[in-house]
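Asker: The structure is given below, and queries will be raised subsequently.
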Amino acid sequence: MVEEKDLDVRSGAVDTAQHRGVPNLNSFYRRLWRYGPLIIWAALIFVASTSLLSASNTAVLVKPLLWLFPHASQATLVAIHFVVRKAAHFTEYAILALLAARAFKTSSHELLRSHWFWVSLVLVVAYSLSDEFHQSFVPSRTASVYDSLIDSFGGLTALALAAIRKRSEVTK
C-alpha cells in the first residue's frame with residue numbers, strides 16, 4: 001500500500017523506489033547539482049596538470065603581445081608569461097574554493113554546512129598538493145611547492161571574500 005508521504009506532490013508520481021532500497025531521485029539530483037560543478041572543475045584542473053597546458057604549450061598565448069608591443073624584449077615576454085601562468089594558478093583554485101564553498105554551504109550534512117570555510121580550504125590545499133605531486137610524474141611539467149602556495153592562497157582569498165559577503169548579508 002502506498003502511503004501519503006510516498007507521493008511526489010509536484011508530479012503526482014508515486015515514489016516506490018524507497019521501498020526497494022533505491023535512493024530518492026530528487027536527493028540524487030540535488031547532490032549532483034551541488035557537487036557536480038566541483039567535481040567537473042577538479043577534473044579540469046587535473047587535465048590542465050598534464051602536458052597539455054605545460055609552459056611550452058602556453059607560451060603561444062603570449063605571442064600575440066608581439067603584435068601589440070613589437071619592441072618588447074624576449075625577457076619581457078617571458079616575465080609576462082610567468083605572471084599569466086601564476087595568475088592562472090591563483091584563479092583556478094579560487095574557482096575551486098568557491099565551488100567547494102557552494103557545495104558545502106548547502107550540504108545535507110550539518111558538519112559540512114557549519115564548517116564550510118575550513119572544509120573548503122582543506123580541500124583546496126589537499127588538492128593543490130596532490131596536483132603538484134601529479135605534475136612530478138609528467139615529463140613536461142615541474143612540481144613546485146610555490147605553485148601549491150599560490151593555489152592555496154587563491155582558494156583562501158576567494159573563501160575569505162565569500163565569508164565576508166555572507167557575513168554582510170547576515171547583518172543586513
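A note on labels: chains of the C-alpha cells are A, B, ... as shown, every chain counts residues from 1, and ligands are counted from 1 in their shown order.
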Would you list the contacts of Arg30 of chain A as a PyMOL selection string, taking every protein, DNA or RNA residue within 10 Å and counting only C-alpha atoms, but skipping same-chain residues closer than 6 positions in sequence?
Answerer: chain A and resi 36+106-108
Asker: Can you write out the residues you just picked, keeping N, CA and C atoms, as a PDB file, in the first residue's frame?
Answerer:
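Output contents, as saved in again-v2.pdb:
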```pdb
ATOM      1  N   GLY A  36      28.385  18.351  -8.500  1.00  0.00           N
ATOM      2  CA  GLY A  36      28.787  18.150  -9.892  1.00  0.00           C
ATOM      3  C   GLY A  36      29.754  19.201 -10.408  1.00  0.00           C
ATOM      4  N   THR A 106      25.538  24.309   1.314  1.00  0.00           N
ATOM      5  CA  THR A 106      24.183  23.794   1.084  1.00  0.00           C
ATOM      6  C   THR A 106      24.088  22.295   1.315  1.00  0.00           C
ATOM      7  N   SER A 107      25.091  21.729   1.959  1.00  0.00           N
ATOM      8  CA  SER A 107      25.127  20.286   2.180  1.00  0.00           C
ATOM      9  C   SER A 107      24.000  19.824   3.097  1.00  0.00           C
ATOM     10  N   SER A 108      23.647  18.565   2.954  1.00  0.00           N
ATOM     11  CA  SER A 108      22.645  17.977   3.847  1.00  0.00           C
ATOM     12  C   SER A 108      23.278  17.556   5.169  1.00  0.00           C
TER      13      SER A 108
END
```
Asker: Using only C-alpha atoms, tabulate the residues of segment 32-78 of chain A lying at most 9 Å from any atom of segment 99-102 of chain A, each with its closest atom pair and that distance in Å to one decimal, by chain and increasing residue number, as CSV.
Answerer:
```
residue,atom,partner,partner_atom,distance
A:Arg34,CA,A:Arg102,CA,7.2
A:Tyr35,CA,A:Ala100,CA,7.8
A:Pro37,CA,A:Leu99,CA,6.8
A:Leu38,CA,A:Leu99,CA,5.3
A:Trp41,CA,A:Leu99,CA,8.3
```
Asker: Counting only C-alpha atoms, give me one row per residue of segment 92-149 of chain A with an atom at most 12 Å from an atom of segment 155-171 of chain A, showing the shortest contact pair and its distance in Å to one decimal, sorted by chain then residue number, as JSON lines.
Answerer:
```
{"residue": "A:Glu92", "atom": "CA", "partner": "A:Gly155", "partner_atom": "CA", "distance": 8.5}
{"residue": "A:Tyr93", "atom": "CA", "partner": "A:Gly155", "partner_atom": "CA", "distance": 5.2}
{"residue": "A:Ala94", "atom": "CA", "partner": "A:Gly155", "partner_atom": "CA", "distance": 4.2}
{"residue": "A:Ile95", "atom": "CA", "partner": "A:Gly155", "partner_atom": "CA", "distance": 7.4}
{"residue": "A:Leu96", "atom": "CA", "partner": "A:Gly155", "partner_atom": "CA", "distance": 7.1}
{"residue": "A:Ala97", "atom": "CA", "partner": "A:Gly155", "partner_atom": "CA", "distance": 5.0}
{"residue": "A:Leu98", "atom": "CA", "partner": "A:Ala158", "partner_atom": "CA", "distance": 6.4}
{"residue": "A:Leu99", "atom": "CA", "partner": "A:Leu159", "partner_atom": "CA", "distance": 9.9}
{"residue": "A:Ala100", "atom": "CA", "partner": "A:Leu159", "partner_atom": "CA", "distance": 9.3}
{"residue": "A:Ala101", "atom": "CA", "partner": "A:Leu159", "partner_atom": "CA", "distance": 7.3}
{"residue": "A:Arg102", "atom": "CA", "partner": "A:Ala162", "partner_atom": "CA", "distance": 9.6}
{"residue": "A:Phe104", "atom": "CA", "partner": "A:Leu159", "partner_atom": "CA", "distance": 12.0}
{"residue": "A:Lys105", "atom": "CA", "partner": "A:Lys166", "partner_atom": "CA", "distance": 10.6}
{"residue": "A:His115", "atom": "CA", "partner": "A:Ala163", "partner_atom": "CA", "distance": 11.3}
{"residue": "A:Trp116", "atom": "CA", "partner": "A:Leu159", "partner_atom": "CA", "distance": 9.4}
{"residue": "A:Phe117", "atom": "CA", "partner": "A:Leu159", "partner_atom": "CA", "distance": 6.5}
{"residue": "A:Trp118", "atom": "CA", "partner": "A:Leu159", "partner_atom": "CA", "distance": 9.1}
{"residue": "A:Val119", "atom": "CA", "partner": "A:Leu159", "partner_atom": "CA", "distance": 10.6}
{"residue": "A:Ser120", "atom": "CA", "partner": "A:Leu159", "partner_atom": "CA", "distance": 7.9}
{"residue": "A:Leu121", "atom": "CA", "partner": "A:Leu156", "partner_atom": "CA", "distance": 6.4}
{"residue": "A:Val122", "atom": "CA", "partner": "A:Gly155", "partner_atom": "CA", "distance": 9.7}
{"residue": "A:Leu123", "atom": "CA", "partner": "A:Gly155", "partner_atom": "CA", "distance": 9.5}
{"residue": "A:Val124", "atom": "CA", "partner": "A:Gly155", "partner_atom": "CA", "distance": 6.3}
{"residue": "A:Val125", "atom": "CA", "partner": "A:Gly155", "partner_atom": "CA", "distance": 8.0}
{"residue": "A:Ala126", "atom": "CA", "partner": "A:Gly155", "partner_atom": "CA", "distance": 11.3}
{"residue": "A:Tyr127", "atom": "CA", "partner": "A:Gly155", "partner_atom": "CA", "distance": 10.7}
{"residue": "A:Ser128", "atom": "CA", "partner": "A:Gly155", "partner_atom": "CA", "distance": 9.7}
{"residue": "A:Ser148", "atom": "CA", "partner": "A:Gly155", "partner_atom": "CA", "distance": 10.5}
{"residue": "A:Leu149", "atom": "CA", "partner": "A:Gly155", "partner_atom": "CA", "distance": 9.8}
```
Asker: For a test of reading the model, state the distance in Å between atom CA of Trp33 of chain A and atom CA of Glu132 of chain A, rounded to one decimal.
Answerer: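 About the pair atom CA of Trp33 of chain A and atom CA of Glu132 of chain A: they are 28.1 Å apart.
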Asker: With only C-alpha atoms as the atoms that count, which of A:Val62, A:Arg113, A:Phe46, A:Ala103 lies nearest to Thr76 of chain A?
Answerer: A:Val62
